[in-house]
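Trainee: Sharing a structure below in structure tokens format, with a few things to ask.
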Amino acid sequence: MKRTALIITILVLGVTAVSAETFKPATYLADADVEVLTKSVANQMVGRDLFGVPYATVVVGNVDVYDRFPYLEAHYFQIVSDPGWNRLLLGEIGQGLVAYDGTRSSFGRLATPRGLSSDGLGHVFVADTGNDRILVFRAVSEFDRVELRPLYAIDGLGKPYDVAYSDGGTPYDAGDDRLYVANTGRNEVRRYQLTDGGARLTDAIGELGSGVGRFAGPMALTVGHREGVHTKDVYVSDAHNSRLVHLQDAGDVLVWTGTVPHEMGPVTSLDTDHWGNVYAAAPQVGSVAKFTSSLFHVASLSENTKRPRSFHVPFTNVTDHRTGEQTRTGQGSGILVEEWGGESGIRMLNLGIEVTDAAPVKAEGAAVRVTLTDHGTVTATITHPGSGRVIARHDAGLLKAGPQTIRFAPEDYISAWDEGEYRVTVRANSTYDTAAMSETEMTIVMDSAGGPALPDRLTLLGNTPNPFNPSTTIRFTVPTGPVRDYRLRVYDVRGRLVRTLAAGQIGGGLHEVPWDGRNESGESVSSGIYLYRLDVGRDNFTGKMVLVK
């Protein structure tokens, strides 16, 4: 059918969101079936309170992949600061814990330790607030045990509340590593260049005040991320000015980029995830807020929380001993430290994704605007509400967190339509391995009839969704003309045939072939990367898809 001009009036008649996943509770201690580690649970499990006032936490995670048994070995060691009892508590998550208070060490006793940070090289940084210093340790682990070995201290500070490490953009090259300190008592942020066995002060910004370049109680800070690697962004909680400050590390100096005011009260913790989204814990209002890297607010956690002091997104070193490749990856969950009591304490939350704030966009062709709470693989469809027939499908690919506009292009239209009401569904799949998904639906009015354009060339449009679980659909267009022989096959990364999805003859138009993640024998295949090859006549195309379970 010949396509008519895609001039469509869109009227939102109703919006429905489903499968919301941001900040979804997860099991903290799976082996013990513990959702939240509280004072009551601690006394039941180990016969003692464990903490006085838990404040901040970091996780040192290592995953090793081998070509023989045990094939995969993972260890996650958690460290929690406790300024109430002047110590750190550390151990493997779900296993035994040990306390470190500095007694009989070269550092001496700790005093109100607060903020924590770690790198990918086994170092742990502690804001020893009451002693006006930052302590640097090496975390040494063996099997399920970990210990902190003192390396050096950064002295001469004034009540530092927090510390943040940056890999300088190269996770496993220590030559450009830096450390940022919220030197709270002196209302400044300091930057140190890390060297072998020490740290050198290279810049500082701030003094008491409320204008540009001034702080009134910088309590927390963190460094930006992009796909797991640190950026030049530095975010600071300016507590008594009730704002978040965005700094840029320009190499020679720290540059004041901008501020975002808020009404959360003192923010005691900041952290970033794999994609650079920012998380702020605000105990006075009982909330954890999530922002994009540009500090656009996208989500908040406020229900069933009690004075959250910190929220930490763990990063893991993954070493593939088969290839020697090493990567550092942000996890799809975070650890929340709340007020220590009978019903609150330490728990885990999946980051997930939500699609919110759906609205139409007046434009030539159909378009909608949504807000994503995290990075996600996004698809949008227009369907007939009665028959469920798909009118158009648009694969937007990987989109960032924040406001996004999704436009249907002429090549997205699959079948003809009449004037009337239709349904638009926007679906976002999380980039993490939690298989989180969110959808929103709205009713639109298309005020002119039309149909899909006939394809003028052979095109592999890819598969949707990608990553997927449990199924995906491969789409391609074939130009008009005589029918041709075709075949669509799936292979694993070693080139072995997994399944022939389709074979025979095919004519012009848009075609869709589903794959349910099974091989020729009907068995479900394992998670991983798979390749597909489309042969049409003498032409062939290949694509890549990821199955995540």
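Residues in the structure tokens are numbered from 1 in each chain, the chains being A, B, ... in the order shown, and ligands are numbered from 1 in the order shown.
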For A:Thr323, find every residue with an atom within 10 Å (counting only C-alpha atoms), except residues of its own chain fewer than 5 positions away, and show them as a PyMOL selection string.
Mentor: chain A and resi 65-67
Trainee: Find the residues around stretch 116-133 of chain A up to 8 Å (only C-alpha atoms counted), leave out those fewer than 6 positions away in its own chain, and share them as a list in words.
Mentor: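 What passes the distance filter is Ala56, Thr57, Val58, Val59, Val60, Ser81, Leu110, Ala139, Val140, Ala153, Ile154, Asp155, Gly156, Leu157, Gly158, Lys159, Pro160, Tyr161, Asp162, Val163, Ala164, Tyr165, Ser166, Asp167, Pro171, Tyr172, Thr316, Asn317 and Arg328 of chain A.
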Trainee: Find the residues around A:Val378 up to 9 Å (only C-alpha atoms counted), leave out those fewer than 5 positions away in its own chain, and share them as a count of residues only.
Mentor: 12
Trainee: Name all residues at most 8 Å from A:Ala281 (count only C-alpha atoms; drop same-chain ones fewer than 5 positions away) and give them as a list of chain:residue names.
Mentor: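 The filter keeps A:Val267, A:Thr268, A:Ser269, A:Leu270, A:Ser287, A:Val288, A:Ala289, A:Pro308, A:Arg309, A:Ser310, A:Phe311.
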Trainee: May I have the selected residues written with N, CA and C atoms, as a CSV table (one decimal), in the first residue's frame?
Mentor:
```csv
chain,number,residue,atom,x,y,z
A,267,VAL,N,22.4,16.5,53.0
A,267,VAL,CA,22.7,15.3,52.2
A,267,VAL,C,24.0,14.7,52.7
A,268,THR,N,24.0,13.5,53.3
A,268,THR,CA,25.1,13.0,54.0
A,268,THR,C,25.9,12.0,53.1
A,269,SER,N,25.4,11.7,52.0
A,269,SER,CA,26.1,10.7,51.1
A,269,SER,C,25.7,11.0,49.6
A,270,LEU,N,26.7,10.9,48.8
A,270,LEU,CA,26.6,11.0,47.3
A,270,LEU,C,27.3,9.8,46.7
A,287,SER,N,14.9,10.2,52.7
A,287,SER,CA,14.7,10.0,51.3
A,287,SER,C,16.1,9.7,50.7
A,288,VAL,N,16.1,8.9,49.6
A,288,VAL,CA,17.2,8.8,48.7
A,288,VAL,C,16.8,9.3,47.3
A,289,ALA,N,17.4,10.3,46.8
A,289,ALA,CA,17.0,10.9,45.5
A,289,ALA,C,18.0,10.5,44.4
A,308,PRO,N,17.9,7.5,56.1
A,308,PRO,CA,19.0,6.9,55.3
A,308,PRO,C,20.3,7.8,55.3
A,309,ARG,N,21.4,7.2,55.8
A,309,ARG,CA,22.6,8.0,55.9
A,309,ARG,C,23.5,7.9,54.6
A,310,SER,N,23.4,6.7,54.0
A,310,SER,CA,24.3,6.6,52.8
A,310,SER,C,23.7,5.6,51.8
A,311,PHE,N,24.0,5.7,50.5
A,311,PHE,CA,23.6,4.8,49.5
A,311,PHE,C,24.8,4.6,48.6
```
Trainee: What is the atom CA of A:Leu336-atom CA of A:Glu35 distance in Å, reported with one decimal?
Mentor: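 Interatomic distance here is 11.8 Å.
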Trainee: Restricting the calculation to only C-alpha atoms, which member of A:Thr459, A:Ser524, A:Asn304, A:Gln331 is positioned closest to A:Tyr76?
Mentor: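 Looking only at the distances to A:Tyr76, the closest residue turns out to be A:Gln331.
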Trainee: Extract the full set of strand (DSSP E) residues from stretch 418-545 of chain A according to DSSP on the backbone, and format it as a PyMOL selection string.
Mentor: chain A and resi 420-430+437-446+459-464+472-478+484-492+497-506+509-515+528-536+539-545
Trainee: Go ahead and dump the residues you just picked, C-alpha atoms, as a compact mmCIF listing (two decimals), in the first residue's frame.
Mentor:
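Full text of again03.txt as output:
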```
# COMPACT_ATOMS: atom_id res chain seq x y z
CA GLY A 420 -9.20 6.88 15.03
CA GLU A 421 -7.79 5.97 18.40
CA TYR A 422 -4.63 3.87 18.75
CA ARG A 423 -2.41 2.82 21.64
CA VAL A 424 1.27 3.76 22.03
CA THR A 425 3.37 1.53 24.29
CA VAL A 426 6.86 2.57 25.37
CA ARG A 427 8.94 -0.20 26.90
CA ALA A 428 12.35 0.15 28.54
CA ASN A 429 14.60 -2.77 29.49
CA SER A 430 17.27 -2.28 32.12
CA MET A 437 11.47 -3.73 32.63
CA SER A 438 9.02 -0.84 32.65
CA GLU A 439 6.19 0.07 30.29
CA THR A 440 3.86 2.99 29.87
CA GLU A 441 0.84 3.15 27.59
CA MET A 442 -1.18 6.03 26.21
CA THR A 443 -4.08 6.42 23.80
CA ILE A 444 -3.57 8.66 20.79
CA VAL A 445 -5.80 9.86 17.94
CA MET A 446 -4.47 9.53 14.38
CA THR A 459 18.01 -3.90 5.36
CA LEU A 460 18.67 -5.74 8.60
CA LEU A 461 16.91 -3.64 11.26
CA GLY A 462 18.26 -5.61 14.23
CA ASN A 463 16.52 -7.39 17.07
CA THR A 464 14.22 -6.03 19.75
CA THR A 472 13.51 -11.29 21.00
CA THR A 473 12.37 -10.49 17.45
CA ILE A 474 14.68 -9.99 14.47
CA ARG A 475 13.37 -7.51 11.88
CA PHE A 476 14.46 -6.91 8.29
CA THR A 477 13.07 -5.39 5.09
CA VAL A 478 13.12 -6.94 1.63
CA ARG A 484 14.14 -14.87 -3.27
CA ASP A 485 15.60 -17.70 -1.23
CA TYR A 486 16.42 -16.75 2.34
CA ARG A 487 17.66 -18.24 5.60
CA LEU A 488 18.06 -16.85 9.13
CA ARG A 489 20.36 -18.67 11.55
CA VAL A 490 21.67 -18.12 15.11
CA TYR A 491 25.27 -18.94 16.14
CA ASP A 492 27.21 -18.79 19.41
CA LEU A 497 25.12 -23.20 14.80
CA VAL A 498 22.54 -22.85 17.57
CA ARG A 499 19.32 -22.79 15.56
CA THR A 500 17.91 -22.16 12.09
CA LEU A 501 15.03 -19.78 12.69
CA ALA A 502 13.61 -19.57 9.18
CA ALA A 503 14.31 -20.76 5.64
CA GLY A 504 12.49 -20.79 2.30
CA GLN A 505 11.41 -18.04 -0.08
CA ILE A 506 10.48 -14.49 0.78
CA GLY A 509 8.05 -6.00 2.76
CA LEU A 510 8.98 -5.80 6.41
CA HIS A 511 9.51 -9.19 8.05
CA GLU A 512 9.83 -10.26 11.68
CA VAL A 513 11.22 -13.55 12.99
CA PRO A 514 11.08 -14.31 16.73
CA TRP A 515 13.61 -16.34 18.72
CA GLY A 528 25.68 -14.73 26.62
CA ILE A 529 26.32 -13.12 23.25
CA TYR A 530 24.80 -14.69 20.14
CA LEU A 531 25.20 -13.84 16.47
CA TYR A 532 22.57 -14.12 13.77
CA ARG A 533 23.08 -14.25 10.02
CA LEU A 534 20.50 -13.34 7.40
CA ASP A 535 21.00 -14.63 3.85
CA VAL A 536 18.66 -13.33 1.13
CA ASP A 539 23.21 -10.87 0.08
CA ASN A 540 23.97 -11.53 3.73
CA PHE A 541 23.97 -9.55 6.97
CA THR A 542 24.98 -10.32 10.55
CA GLY A 543 23.88 -8.95 13.91
CA LYS A 544 24.67 -9.43 17.59
CA MET A 545 22.26 -9.98 20.48
```
Trainee: Could you tell me which of A:Pro218, A:Gly402, A:Gly342, A:Gly537 comes closest to A:Ser40 if we count only C-alpha atoms?
Mentor: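 Going through A:Pro218, A:Gly402, A:Gly342, A:Gly537 one by one, the smallest distance to A:Ser40 is for A:Gly342.
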